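Undergrad: Following this message is one structure expressed as structure tokens.
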Amino acid sequence: FGNAYTTLFGKDDNAQSYNQEIIFQLIFDDNPYANSMKANGAVNTFYGNATSRVGLVAPSDFILDDIAKTSGRNVFADRNKKMDARMYEACDVDRKAVNKFVTRVVQINATSTTNPVIGYGSAYTEGQNGSNWVIYRLTDIMLMKAEALVQTMREGAETADIEYNKPIIDQAFSLVNAVNKRSVAETQLTDTLVRTDYATKNQIEELVYQERQRELMFEGKRWFDLVRICQRTGSTQPLVSAAMLKVTTGGSLISNKLQKMDAIYWPYDYEELKVNLNLVQNPA
């Protein structure tokens, strides 16, 4: 385990030719200093580097505590003691730092399925981050499709509704399971998810969003997932609940601000309002 991480988020070494998960990414030079190329300054500043291992953005205590648990995890499920490799690929619990796009290599020795041995390569040196920024990759598209399938399900509980929904749940579950199964830190891949646990629209929808959180952590997707949930439910409570898991101070201020649906959207830029008089500023 670890080769996939390296080609997706770590040291590139011109690996695009065999990195087939990538759908769209921004390319940066792997050695920007030597080649006078532009470094990935955003990752360097926000996610950290070898000098400042924790950047402006760091894993929340909620995530760090969840990973540190040996059972009862909320995000990275641990059915039958199976370990999710993405726990170690996403962030470093000891350093409380983001790994994705910062650490060049993550290697996982899964000989012991209960205590895998984790090896981290060095982080990019300050100002010299050459990791590509992945915007879309195959697993994201697969989970998008699963989410779209779930939205075609019927809400009713009649026999006809159940029969109509069953093949849709089967398809959505199959996509989620494929993404989940490839991240099990075992030498023999087995299912960690059980199809019979997901019989309703709410259950399979929750699974899709949980898998997106696990798979796409620190890739800039979670906020927009929560926005879609708020749009569908007509309430900002899902986003408020998620935000409250991360804050240590100012929680009431954030909670009050996010009560209004407008608050989950960015404002229009002032210059855009000047050139397009049809735009109406977001009241939040």
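By convention in this document, the chains of the structure tokens carry letters A, B, ... by their order, each chain's residues are numbered from 1, and ligands are numbered from 1 in the order they are shown.
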List as a PDB file with all heavy atoms, in the first residue's frame the protein and nucleic acid residues near Ala85 in chain A, meaning an atom at most 8 Å away when only C-alpha atoms are counted, but skip any in the same chain fewer than 2 places from it.

TA:
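As a result, out_0.pdb now contains:
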```pdb
ATOM      1  N   PHE A   1       0.838  -1.177   0.000  1.00  0.00           N
ATOM      2  CA  PHE A   1       0.000   0.000   0.000  1.00  0.00           C
ATOM      3  C   PHE A   1       0.885   1.243   0.000  1.00  0.00           C
ATOM      4  O   PHE A   1       1.911   1.275   0.644  1.00  0.00           O
ATOM      5  CB  PHE A   1      -0.907   0.000   1.238  1.00  0.00           C
ATOM      6  CG  PHE A   1      -1.857  -1.163   1.267  1.00  0.00           C
ATOM      7  CD1 PHE A   1      -1.510  -2.334   1.906  1.00  0.00           C
ATOM      8  CD2 PHE A   1      -3.083  -1.088   0.629  1.00  0.00           C
ATOM      9  CE1 PHE A   1      -2.373  -3.414   1.927  1.00  0.00           C
ATOM     10  CE2 PHE A   1      -3.957  -2.161   0.645  1.00  0.00           C
ATOM     11  CZ  PHE A   1      -3.600  -3.324   1.294  1.00  0.00           C
ATOM     12  N   MET A  83      -8.657  -2.111   8.630  1.00  0.00           N
ATOM     13  CA  MET A  83      -8.109  -0.771   8.697  1.00  0.00           C
ATOM     14  C   MET A  83      -8.228  -0.065   7.350  1.00  0.00           C
ATOM     15  O   MET A  83      -7.963  -0.650   6.304  1.00  0.00           O
ATOM     16  CB  MET A  83      -6.633  -0.833   9.112  1.00  0.00           C
ATOM     17  CG  MET A  83      -6.390  -1.610  10.401  1.00  0.00           C
ATOM     18  SD  MET A  83      -7.167  -0.852  11.837  1.00  0.00           S
ATOM     19  CE  MET A  83      -6.012   0.460  12.152  1.00  0.00           C
ATOM     20  N   MET A  87      -6.883   6.623   6.361  1.00  0.00           N
ATOM     21  CA  MET A  87      -6.653   7.292   7.636  1.00  0.00           C
ATOM     22  C   MET A  87      -5.241   7.859   7.684  1.00  0.00           C
ATOM     23  O   MET A  87      -5.013   8.963   8.167  1.00  0.00           O
ATOM     24  CB  MET A  87      -6.831   6.309   8.797  1.00  0.00           C
ATOM     25  CG  MET A  87      -8.267   5.905   9.058  1.00  0.00           C
ATOM     26  SD  MET A  87      -8.455   5.063  10.657  1.00  0.00           S
ATOM     27  CE  MET A  87      -7.435   3.612  10.414  1.00  0.00           C
ATOM     28  N   TYR A  88      -4.272   7.074   7.178  1.00  0.00           N
ATOM     29  CA  TYR A  88      -2.873   7.469   7.254  1.00  0.00           C
ATOM     30  C   TYR A  88      -2.473   8.333   6.055  1.00  0.00           C
ATOM     31  O   TYR A  88      -1.568   9.151   6.144  1.00  0.00           O
ATOM     32  CB  TYR A  88      -1.995   6.222   7.321  1.00  0.00           C
ATOM     33  CG  TYR A  88      -2.515   5.218   8.316  1.00  0.00           C
ATOM     34  CD1 TYR A  88      -3.123   4.040   7.897  1.00  0.00           C
ATOM     35  CD2 TYR A  88      -2.445   5.465   9.687  1.00  0.00           C
ATOM     36  CE1 TYR A  88      -3.627   3.131   8.811  1.00  0.00           C
ATOM     37  CE2 TYR A  88      -2.945   4.562  10.599  1.00  0.00           C
ATOM     38  CZ  TYR A  88      -3.536   3.395  10.157  1.00  0.00           C
ATOM     39  OH  TYR A  88      -4.041   2.495  11.060  1.00  0.00           O
ATOM     40  N   GLU A  89      -3.142   8.104   4.944  1.00  0.00           N
ATOM     41  CA  GLU A  89      -2.824   8.882   3.745  1.00  0.00           C
ATOM     42  C   GLU A  89      -3.327  10.310   3.859  1.00  0.00           C
ATOM     43  O   GLU A  89      -2.726  11.234   3.303  1.00  0.00           O
ATOM     44  CB  GLU A  89      -3.430   8.197   2.512  1.00  0.00           C
ATOM     45  CG  GLU A  89      -2.825   6.850   2.223  1.00  0.00           C
ATOM     46  CD  GLU A  89      -3.558   6.099   1.110  1.00  0.00           C
ATOM     47  OE1 GLU A  89      -4.689   6.479   0.780  1.00  0.00           O
ATOM     48  OE2 GLU A  89      -2.990   5.123   0.598  1.00  0.00           O
ATOM     49  N   ILE A 108       2.405   1.750   3.568  1.00  0.00           N
ATOM     50  CA  ILE A 108       1.677   1.031   4.613  1.00  0.00           C
ATOM     51  C   ILE A 108       2.011  -0.454   4.516  1.00  0.00           C
ATOM     52  O   ILE A 108       1.739  -1.101   3.514  1.00  0.00           O
ATOM     53  CB  ILE A 108       0.156   1.241   4.474  1.00  0.00           C
ATOM     54  CG1 ILE A 108      -0.175   2.741   4.553  1.00  0.00           C
ATOM     55  CG2 ILE A 108      -0.596   0.464   5.543  1.00  0.00           C
ATOM     56  CD1 ILE A 108      -1.632   3.058   4.305  1.00  0.00           C
ATOM     57  N   SER A 183      -9.330   0.458  -0.466  1.00  0.00           N
ATOM     58  CA  SER A 183      -8.584   1.152   0.581  1.00  0.00           C
ATOM     59  C   SER A 183      -8.421   0.327   1.846  1.00  0.00           C
ATOM     60  O   SER A 183      -7.888   0.817   2.835  1.00  0.00           O
ATOM     61  CB  SER A 183      -9.289   2.474   0.923  1.00  0.00           C
ATOM     62  OG  SER A 183      -9.316   3.331  -0.198  1.00  0.00           O
ATOM     63  N   VAL A 184      -8.863  -0.907   1.834  1.00  0.00           N
ATOM     64  CA  VAL A 184      -8.703  -1.771   3.002  1.00  0.00           C
ATOM     65  C   VAL A 184      -7.244  -2.194   3.122  1.00  0.00           C
ATOM     66  O   VAL A 184      -6.673  -2.739   2.176  1.00  0.00           O
ATOM     67  CB  VAL A 184      -9.607  -3.015   2.896  1.00  0.00           C
ATOM     68  CG1 VAL A 184      -9.374  -3.948   4.076  1.00  0.00           C
ATOM     69  CG2 VAL A 184     -11.066  -2.588   2.841  1.00  0.00           C
ATOM     70  N   ALA A 185      -6.636  -1.937   4.264  1.00  0.00           N
ATOM     71  CA  ALA A 185      -5.218  -2.250   4.466  1.00  0.00           C
ATOM     72  C   ALA A 185      -5.045  -3.712   4.854  1.00  0.00           C
ATOM     73  O   ALA A 185      -4.677  -4.053   5.974  1.00  0.00           O
ATOM     74  CB  ALA A 185      -4.640  -1.330   5.537  1.00  0.00           C
TER      75      ALA A 185
END
```

Undergrad: What's the 10 Å shell around Met153 in chain A, counting only C-alpha atoms, without same-chain residues fewer than 3 positions away, as a list in words?

TA: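 After dropping sequence-adjacent residues, the list is Ala148, Leu149, Val150, Gly156, Asp161, Ile162, Tyr164, Asn165, Lys166, Pro167, Ile168, Ile169, Thr200 and Lys201 of chain A.
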
Undergrad: Suppose we keep N, CA and C atoms; can you now write the selection as an mmCIF file, in the first residue's frame?

TA:
```
data_model
loop_
_atom_site.group_PDB
_atom_site.id
_atom_site.type_symbol
_atom_site.label_atom_id
_atom_site.label_comp_id
_atom_site.auth_asym_id
_atom_site.auth_seq_id
_atom_site.Cartn_x
_atom_site.Cartn_y
_atom_site.Cartn_z
ATOM 1 N N ALA A 148 -25.996 10.618 -7.633
ATOM 2 C CA ALA A 148 -27.046 10.907 -8.613
ATOM 3 C C ALA A 148 -28.070 9.774 -8.672
ATOM 4 N N LEU A 149 -27.600 8.537 -8.608
ATOM 5 C CA LEU A 149 -28.509 7.396 -8.618
ATOM 6 C C LEU A 149 -29.470 7.449 -7.428
ATOM 7 N N VAL A 150 -28.921 7.765 -6.261
ATOM 8 C CA VAL A 150 -29.751 7.811 -5.049
ATOM 9 C C VAL A 150 -30.870 8.838 -5.204
ATOM 10 N N GLY A 156 -41.447 6.612 -1.167
ATOM 11 C CA GLY A 156 -42.462 5.797 -0.510
ATOM 12 C C GLY A 156 -41.937 4.500 0.064
ATOM 13 N N ASP A 161 -42.587 0.730 -4.404
ATOM 14 C CA ASP A 161 -41.468 1.651 -4.214
ATOM 15 C C ASP A 161 -40.202 0.896 -3.842
ATOM 16 N N ILE A 162 -40.350 -0.085 -2.966
ATOM 17 C CA ILE A 162 -39.195 -0.879 -2.535
ATOM 18 C C ILE A 162 -38.592 -1.635 -3.709
ATOM 19 N N TYR A 164 -38.856 -0.843 -6.851
ATOM 20 C CA TYR A 164 -38.277 0.135 -7.776
ATOM 21 C C TYR A 164 -36.891 0.581 -7.286
ATOM 22 N N ASN A 165 -36.749 0.760 -5.982
ATOM 23 C CA ASN A 165 -35.507 1.289 -5.419
ATOM 24 C C ASN A 165 -34.386 0.266 -5.324
ATOM 25 N N LYS A 166 -34.745 -1.014 -5.209
ATOM 26 C CA LYS A 166 -33.727 -2.037 -4.944
ATOM 27 C C LYS A 166 -32.598 -2.047 -5.975
ATOM 28 N N PRO A 167 -32.855 -2.096 -7.291
ATOM 29 C CA PRO A 167 -31.735 -2.114 -8.236
ATOM 30 C C PRO A 167 -30.924 -0.815 -8.225
ATOM 31 N N ILE A 168 -31.556 0.287 -7.855
ATOM 32 C CA ILE A 168 -30.830 1.555 -7.765
ATOM 33 C C ILE A 168 -29.854 1.518 -6.596
ATOM 34 N N ILE A 169 -30.329 1.002 -5.438
ATOM 35 C CA ILE A 169 -29.439 0.851 -4.280
ATOM 36 C C ILE A 169 -28.294 -0.095 -4.624
ATOM 37 N N THR A 200 -32.835 1.714 2.693
ATOM 38 C CA THR A 200 -33.647 2.894 2.414
ATOM 39 C C THR A 200 -32.830 3.970 1.723
ATOM 40 N N LYS A 201 -33.512 4.956 1.184
ATOM 41 C CA LYS A 201 -32.844 6.069 0.518
ATOM 42 C C LYS A 201 -31.939 6.820 1.491
#
```

Undergrad: Just the residues within 12 Å of Asp65 in chain A, please, counting only C-alpha atoms, with nothing from its chain fewer than 3 positions along; format it as a PDB file with all heavy atoms, in the first residue's frame.

TA:
```pdb
ATOM      1  N   PRO A  59      -5.870  19.381  10.141  1.00  0.00           N
ATOM      2  CA  PRO A  59      -6.969  18.484  10.500  1.00  0.00           C
ATOM      3  C   PRO A  59      -7.613  18.916  11.806  1.00  0.00           C
ATOM      4  O   PRO A  59      -6.921  19.330  12.739  1.00  0.00           O
ATOM      5  CB  PRO A  59      -6.277  17.121  10.651  1.00  0.00           C
ATOM      6  CG  PRO A  59      -5.002  17.250   9.890  1.00  0.00           C
ATOM      7  CD  PRO A  59      -4.584  18.672  10.007  1.00  0.00           C
ATOM      8  N   SER A  60      -8.927  18.836  11.886  1.00  0.00           N
ATOM      9  CA  SER A  60      -9.617  19.203  13.117  1.00  0.00           C
ATOM     10  C   SER A  60      -9.383  18.133  14.180  1.00  0.00           C
ATOM     11  O   SER A  60      -9.034  16.986  13.889  1.00  0.00           O
ATOM     12  CB  SER A  60     -11.117  19.341  12.853  1.00  0.00           C
ATOM     13  OG  SER A  60     -11.678  18.085  12.538  1.00  0.00           O
ATOM     14  N   ASP A  61      -9.566  18.522  15.435  1.00  0.00           N
ATOM     15  CA  ASP A  61      -9.446  17.555  16.527  1.00  0.00           C
ATOM     16  C   ASP A  61     -10.447  16.417  16.361  1.00  0.00           C
ATOM     17  O   ASP A  61     -10.179  15.281  16.755  1.00  0.00           O
ATOM     18  CB  ASP A  61      -9.670  18.247  17.872  1.00  0.00           C
ATOM     19  CG  ASP A  61      -8.521  19.179  18.241  1.00  0.00           C
ATOM     20  OD1 ASP A  61      -7.424  19.006  17.681  1.00  0.00           O
ATOM     21  OD2 ASP A  61      -8.729  20.072  19.081  1.00  0.00           O
ATOM     22  N   PHE A  62     -11.610  16.727  15.770  1.00  0.00           N
ATOM     23  CA  PHE A  62     -12.619  15.697  15.539  1.00  0.00           C
ATOM     24  C   PHE A  62     -12.057  14.578  14.664  1.00  0.00           C
ATOM     25  O   PHE A  62     -12.226  13.393  14.963  1.00  0.00           O
ATOM     26  CB  PHE A  62     -13.849  16.316  14.880  1.00  0.00           C
ATOM     27  CG  PHE A  62     -14.850  15.311  14.371  1.00  0.00           C
ATOM     28  CD1 PHE A  62     -15.634  14.586  15.249  1.00  0.00           C
ATOM     29  CD2 PHE A  62     -15.001  15.086  13.014  1.00  0.00           C
ATOM     30  CE1 PHE A  62     -16.552  13.654  14.784  1.00  0.00           C
ATOM     31  CE2 PHE A  62     -15.915  14.157  12.536  1.00  0.00           C
ATOM     32  CZ  PHE A  62     -16.684  13.440  13.433  1.00  0.00           C
ATOM     33  N   ALA A  68      -7.375   8.302  15.831  1.00  0.00           N
ATOM     34  CA  ALA A  68      -6.612   7.740  16.949  1.00  0.00           C
ATOM     35  C   ALA A  68      -7.365   6.632  17.681  1.00  0.00           C
ATOM     36  O   ALA A  68      -6.751   5.823  18.381  1.00  0.00           O
ATOM     37  CB  ALA A  68      -6.238   8.849  17.930  1.00  0.00           C
ATOM     38  N   LYS A  69      -8.674   6.573  17.514  1.00  0.00           N
ATOM     39  CA  LYS A  69      -9.463   5.539  18.183  1.00  0.00           C
ATOM     40  C   LYS A  69      -9.106   4.150  17.651  1.00  0.00           C
ATOM     41  O   LYS A  69      -8.657   3.997  16.527  1.00  0.00           O
ATOM     42  CB  LYS A  69     -10.960   5.779  17.965  1.00  0.00           C
ATOM     43  CG  LYS A  69     -11.521   7.015  18.653  1.00  0.00           C
ATOM     44  CD  LYS A  69     -12.999   7.171  18.303  1.00  0.00           C
ATOM     45  CE  LYS A  69     -13.604   8.399  18.944  1.00  0.00           C
ATOM     46  NZ  LYS A  69     -15.027   8.568  18.554  1.00  0.00           N
ATOM     47  N   THR A  70      -9.325   3.148  18.475  1.00  0.00           N
ATOM     48  CA  THR A  70      -9.157   1.758  18.036  1.00  0.00           C
ATOM     49  C   THR A  70     -10.495   1.108  17.718  1.00  0.00           C
ATOM     50  O   THR A  70     -10.537   0.026  17.149  1.00  0.00           O
ATOM     51  CB  THR A  70      -8.439   0.935  19.118  1.00  0.00           C
ATOM     52  OG1 THR A  70      -9.165   1.049  20.349  1.00  0.00           O
ATOM     53  CG2 THR A  70      -7.019   1.461  19.331  1.00  0.00           C
ATOM     54  N   SER A  71     -11.593   1.775  18.098  1.00  0.00           N
ATOM     55  CA  SER A  71     -12.920   1.275  17.766  1.00  0.00           C
ATOM     56  C   SER A  71     -13.905   2.440  17.877  1.00  0.00           C
ATOM     57  O   SER A  71     -13.591   3.484  18.446  1.00  0.00           O
ATOM     58  CB  SER A  71     -13.336   0.138  18.707  1.00  0.00           C
ATOM     59  OG  SER A  71     -13.427   0.609  20.041  1.00  0.00           O
ATOM     60  N   GLY A  72     -15.091   2.245  17.315  1.00  0.00           N
ATOM     61  CA  GLY A  72     -16.124   3.260  17.430  1.00  0.00           C
ATOM     62  C   GLY A  72     -15.860   4.523  16.644  1.00  0.00           C
ATOM     63  O   GLY A  72     -16.295   5.607  17.031  1.00  0.00           O
ATOM     64  N   ARG A  73     -15.159   4.404  15.540  1.00  0.00           N
ATOM     65  CA  ARG A  73     -14.878   5.594  14.727  1.00  0.00           C
ATOM     66  C   ARG A  73     -16.147   6.102  14.055  1.00  0.00           C
ATOM     67  O   ARG A  73     -17.045   5.344  13.727  1.00  0.00           O
ATOM     68  CB  ARG A  73     -13.822   5.287  13.667  1.00  0.00           C
ATOM     69  CG  ARG A  73     -12.441   4.964  14.222  1.00  0.00           C
ATOM     70  CD  ARG A  73     -11.408   4.862  13.102  1.00  0.00           C
ATOM     71  NE  ARG A  73     -10.095   4.554  13.624  1.00  0.00           N
ATOM     72  CZ  ARG A  73      -9.580   3.334  13.693  1.00  0.00           C
ATOM     73  NH1 ARG A  73     -10.292   2.304  13.251  1.00  0.00           N
ATOM     74  NH2 ARG A  73      -8.388   3.126  14.191  1.00  0.00           N
ATOM     75  N   ASN A  74     -16.193   7.408  13.836  1.00  0.00           N
ATOM     76  CA  ASN A  74     -17.344   8.024  13.186  1.00  0.00           C
ATOM     77  C   ASN A  74     -17.146   8.184  11.686  1.00  0.00           C
ATOM     78  O   ASN A  74     -18.086   8.061  10.913  1.00  0.00           O
ATOM     79  CB  ASN A  74     -17.614   9.401  13.810  1.00  0.00           C
ATOM     80  CG  ASN A  74     -18.038   9.308  15.257  1.00  0.00           C
ATOM     81  OD1 ASN A  74     -19.107   8.818  15.562  1.00  0.00           O
ATOM     82  ND2 ASN A  74     -17.176   9.761  16.152  1.00  0.00           N
ATOM     83  N   VAL A  75     -15.917   8.488  11.265  1.00  0.00           N
ATOM     84  CA  VAL A  75     -15.644   8.743   9.847  1.00  0.00           C
ATOM     85  C   VAL A  75     -15.042   7.518   9.180  1.00  0.00           C
ATOM     86  O   VAL A  75     -15.554   7.014   8.179  1.00  0.00           O
ATOM     87  CB  VAL A  75     -14.712   9.959   9.673  1.00  0.00           C
ATOM     88  CG1 VAL A  75     -14.396  10.190   8.193  1.00  0.00           C
ATOM     89  CG2 VAL A  75     -15.348  11.205  10.282  1.00  0.00           C
ATOM     90  N   PHE A  76     -13.951   7.027   9.720  1.00  0.00           N
ATOM     91  CA  PHE A  76     -13.282   5.858   9.156  1.00  0.00           C
ATOM     92  C   PHE A  76     -13.765   4.609   9.888  1.00  0.00           C
ATOM     93  O   PHE A  76     -13.243   4.253  10.946  1.00  0.00           O
ATOM     94  CB  PHE A  76     -11.765   5.996   9.272  1.00  0.00           C
ATOM     95  CG  PHE A  76     -11.195   7.065   8.395  1.00  0.00           C
ATOM     96  CD1 PHE A  76     -10.899   8.313   8.900  1.00  0.00           C
ATOM     97  CD2 PHE A  76     -10.966   6.826   7.046  1.00  0.00           C
ATOM     98  CE1 PHE A  76     -10.387   9.308   8.084  1.00  0.00           C
ATOM     99  CE2 PHE A  76     -10.453   7.808   6.224  1.00  0.00           C
ATOM    100  CZ  PHE A  76     -10.154   9.062   6.745  1.00  0.00           C
ATOM    101  N   MET A  87      -6.883   6.623   6.361  1.00  0.00           N
ATOM    102  CA  MET A  87      -6.653   7.292   7.636  1.00  0.00           C
ATOM    103  C   MET A  87      -5.241   7.859   7.684  1.00  0.00           C
ATOM    104  O   MET A  87      -5.013   8.963   8.167  1.00  0.00           O
ATOM    105  CB  MET A  87      -6.831   6.309   8.797  1.00  0.00           C
ATOM    106  CG  MET A  87      -8.267   5.905   9.058  1.00  0.00           C
ATOM    107  SD  MET A  87      -8.455   5.063  10.657  1.00  0.00           S
ATOM    108  CE  MET A  87      -7.435   3.612  10.414  1.00  0.00           C
ATOM    109  N   CYS A  91      -3.892  12.300   6.757  1.00  0.00           N
ATOM    110  CA  CYS A  91      -3.181  13.181   7.680  1.00  0.00           C
ATOM    111  C   CYS A  91      -2.322  12.382   8.649  1.00  0.00           C
ATOM    112  O   CYS A  91      -2.494  11.184   8.824  1.00  0.00           O
ATOM    113  CB  CYS A  91      -4.161  14.070   8.436  1.00  0.00           C
ATOM    114  SG  CYS A  91      -5.414  13.186   9.381  1.00  0.00           S
ATOM    115  N   ASP A  92      -1.377  13.085   9.255  1.00  0.00           N
ATOM    116  CA  ASP A  92      -0.446  12.524  10.224  1.00  0.00           C
ATOM    117  C   ASP A  92      -0.950  12.902  11.618  1.00  0.00           C
ATOM    118  O   ASP A  92      -0.934  14.077  11.990  1.00  0.00           O
ATOM    119  CB  ASP A  92       0.951  13.098   9.981  1.00  0.00           C
ATOM    120  CG  ASP A  92       2.017  12.436  10.839  1.00  0.00           C
ATOM    121  OD1 ASP A  92       1.711  12.083  11.981  1.00  0.00           O
ATOM    122  OD2 ASP A  92       3.161  12.299  10.365  1.00  0.00           O
ATOM    123  N   VAL A  93      -1.403  11.920  12.383  1.00  0.00           N
ATOM    124  CA  VAL A  93      -1.990  12.187  13.692  1.00  0.00           C
ATOM    125  C   VAL A  93      -0.949  12.742  14.656  1.00  0.00           C
ATOM    126  O   VAL A  93      -1.216  13.670  15.427  1.00  0.00           O
ATOM    127  CB  VAL A  93      -2.631  10.904  14.270  1.00  0.00           C
ATOM    128  CG1 VAL A  93      -3.094  11.129  15.707  1.00  0.00           C
ATOM    129  CG2 VAL A  93      -3.808  10.478  13.408  1.00  0.00           C
ATOM    130  N   ASP A  94       0.265  12.190  14.637  1.00  0.00           N
ATOM    131  CA  ASP A  94       1.303  12.631  15.576  1.00  0.00           C
ATOM    132  C   ASP A  94       1.686  14.090  15.347  1.00  0.00           C
ATOM    133  O   ASP A  94       1.853  14.859  16.286  1.00  0.00           O
ATOM    134  CB  ASP A  94       2.545  11.745  15.455  1.00  0.00           C
ATOM    135  CG  ASP A  94       2.284  10.325  15.924  1.00  0.00           C
ATOM    136  OD1 ASP A  94       1.383  10.137  16.769  1.00  0.00           O
ATOM    137  OD2 ASP A  94       2.960   9.398  15.437  1.00  0.00           O
ATOM    138  N   LYS A  96      -0.206  16.205  13.643  1.00  0.00           N
ATOM    139  CA  LYS A  96      -1.450  16.966  13.470  1.00  0.00           C
ATOM    140  C   LYS A  96      -1.410  17.786  12.188  1.00  0.00           C
ATOM    141  O   LYS A  96      -1.744  18.978  12.167  1.00  0.00           O
ATOM    142  CB  LYS A  96      -1.711  17.863  14.687  1.00  0.00           C
ATOM    143  CG  LYS A  96      -1.900  17.088  15.983  1.00  0.00           C
ATOM    144  CD  LYS A  96      -2.260  17.988  17.134  1.00  0.00           C
ATOM    145  CE  LYS A  96      -2.511  17.165  18.404  1.00  0.00           C
ATOM    146  NZ  LYS A  96      -2.898  18.013  19.557  1.00  0.00           N
ATOM    147  N   LEU A 245     -18.491  20.441  14.806  1.00  0.00           N
ATOM    148  CA  LEU A 245     -17.545  19.395  15.192  1.00  0.00           C
ATOM    149  C   LEU A 245     -16.105  19.890  15.141  1.00  0.00           C
ATOM    150  O   LEU A 245     -15.219  19.278  15.744  1.00  0.00           O
ATOM    151  CB  LEU A 245     -17.689  18.183  14.261  1.00  0.00           C
ATOM    152  CG  LEU A 245     -19.008  17.413  14.324  1.00  0.00           C
ATOM    153  CD1 LEU A 245     -19.063  16.375  13.219  1.00  0.00           C
ATOM    154  CD2 LEU A 245     -19.179  16.751  15.689  1.00  0.00           C
ATOM    155  N   LYS A 246     -15.859  20.982  14.448  1.00  0.00           N
ATOM    156  CA  LYS A 246     -14.492  21.439  14.199  1.00  0.00           C
ATOM    157  C   LYS A 246     -14.076  22.632  15.043  1.00  0.00           C
ATOM    158  O   LYS A 246     -12.886  22.900  15.176  1.00  0.00           O
ATOM    159  CB  LYS A 246     -14.332  21.812  12.718  1.00  0.00           C
ATOM    160  CG  LYS A 246     -14.533  20.652  11.760  1.00  0.00           C
ATOM    161  CD  LYS A 246     -14.603  21.156  10.318  1.00  0.00           C
ATOM    162  CE  LYS A 246     -14.778  20.004   9.347  1.00  0.00           C
ATOM    163  NZ  LYS A 246     -13.524  19.402   8.948  1.00  0.00           N
TER     164      LYS A 246
END
```

Undergrad: For a quick check of understanding, using only C-alpha atoms, which of A:Glu211, A:Asp262, A:Glu147, A:Asp140 has the smallest distance to Asp84 in chain A?

TA: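 Smallest separation from Asp84 in chain A among the options: A:Glu211.
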
Undergrad: List every residue of range 70-240 of chain A that DSSP, applied to the backbone, labels as alpha helix (DSSP H), and write the result as a ChimeraX atom specification.

TA: /A:86-90,138-150,159-181,201-215,222-233,237-240

Undergrad: Would you compute the distance between CA of Gln259 in chain A and CA of Gln281 in chain A? Give it in Å to one decimal.

TA: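 CA of Gln281 in chain A lies 18.3 Å from CA of Gln259 in chain A.
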
Undergrad: Give me, as a ChimeraX atom specification, all polymer residues having an atom no more than 12 Å from range 170-175 of chain A, counting only C-alpha atoms and skipping those fewer than 3 positions away in the same chain.

TA: /A:138-153,163-167,178-182,191,193-201,203-209,211-212

Undergrad: Could you save those same residues with C-alpha atoms as a CSV table (one decimal), in the first residue's frame?

TA:
```csv
chain,number,residue,atom,x,y,z
A,138,LEU,CA,-12.1,8.6,-11.0
A,139,THR,CA,-13.3,7.8,-7.5
A,140,ASP,CA,-14.9,11.2,-7.2
A,141,ILE,CA,-16.8,10.6,-10.5
A,142,MET,CA,-17.9,7.2,-9.3
A,143,LEU,CA,-19.2,8.6,-6.1
A,144,MET,CA,-20.9,11.4,-8.0
A,145,LYS,CA,-22.7,8.8,-10.0
A,146,ALA,CA,-23.7,7.0,-6.8
A,147,GLU,CA,-25.1,10.2,-5.4
A,148,ALA,CA,-27.0,10.9,-8.6
A,149,LEU,CA,-28.5,7.4,-8.6
A,150,VAL,CA,-29.8,7.8,-5.0
A,151,GLN,CA,-31.6,11.0,-6.1
A,152,THR,CA,-33.7,9.0,-8.6
A,153,MET,CA,-35.1,6.8,-5.8
A,163,GLU,CA,-39.0,-3.0,-5.7
A,164,TYR,CA,-38.3,0.1,-7.8
A,165,ASN,CA,-35.5,1.3,-5.4
A,166,LYS,CA,-33.7,-2.0,-4.9
A,167,PRO,CA,-31.7,-2.1,-8.2
A,178,ALA,CA,-15.5,-0.5,-5.1
A,179,VAL,CA,-14.0,2.7,-3.7
A,180,ASN,CA,-14.1,1.5,-0.1
A,181,LYS,CA,-12.7,-1.9,-0.8
A,182,ARG,CA,-9.6,-0.8,-2.6
A,191,ASP,CA,-15.7,-6.3,1.8
A,193,LEU,CA,-19.4,-2.7,3.8
A,194,VAL,CA,-22.5,-5.0,3.9
A,195,ARG,CA,-25.2,-4.5,1.3
A,196,THR,CA,-28.1,-5.5,3.6
A,197,ASP,CA,-27.3,-2.6,5.9
A,198,TYR,CA,-28.6,-0.2,3.3
A,199,ALA,CA,-32.3,-0.7,2.6
A,200,THR,CA,-33.6,2.9,2.4
A,201,LYS,CA,-32.8,6.1,0.5
A,203,GLN,CA,-29.3,4.9,4.5
A,204,ILE,CA,-27.6,4.7,1.1
A,205,GLU,CA,-27.5,8.5,0.8
A,206,GLU,CA,-25.7,8.7,4.1
A,207,LEU,CA,-23.2,6.0,3.0
A,208,VAL,CA,-22.4,7.9,-0.2
A,209,TYR,CA,-21.6,11.1,1.7
A,211,GLU,CA,-17.5,7.6,1.6
A,212,ARG,CA,-17.0,10.9,-0.1
```

Undergrad: Would you work out the distance separating CA of Thr190 in chain A from CA of Glu215 in chain A, expressed in Å to one decimal?

TA: 17.6 Å

Undergrad: Pull the strand (DSSP E or B) assignments for range 26-271 of chain A out of DSSP run on the backbone, and list those residues as a ChimeraX atom specification.

TA: /A:26,84,91-92,97-98,103,106-109,117-120,123,133-137,184

Undergrad: Would you compute the distance between CA of Glu158 in chain A and CA of Gly234 in chain A? Give it in Å to one decimal.

TA: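 Interatomic distance here is 25.1 Å.
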
Undergrad: Rank nothing, just name the residue among A:Val57, A:Val105, A:Ala39, A:Leu226 nearest to Gln213 in chain A, using only C-alpha atoms.

TA: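 Among the listed residues, the smallest separation from Gln213 in chain A belongs to A:Leu226.
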
Undergrad: Can you pull out every residue within 8 Å of Val102 in chain A, counting only C-alpha atoms, but drop anything in the same chain fewer than 2 positions away, and send it as a VMD selection string?

TA: chain A and resid 9 to 10 43 to 44 47 to 49 98 to 100 104 123 to 124 129 131
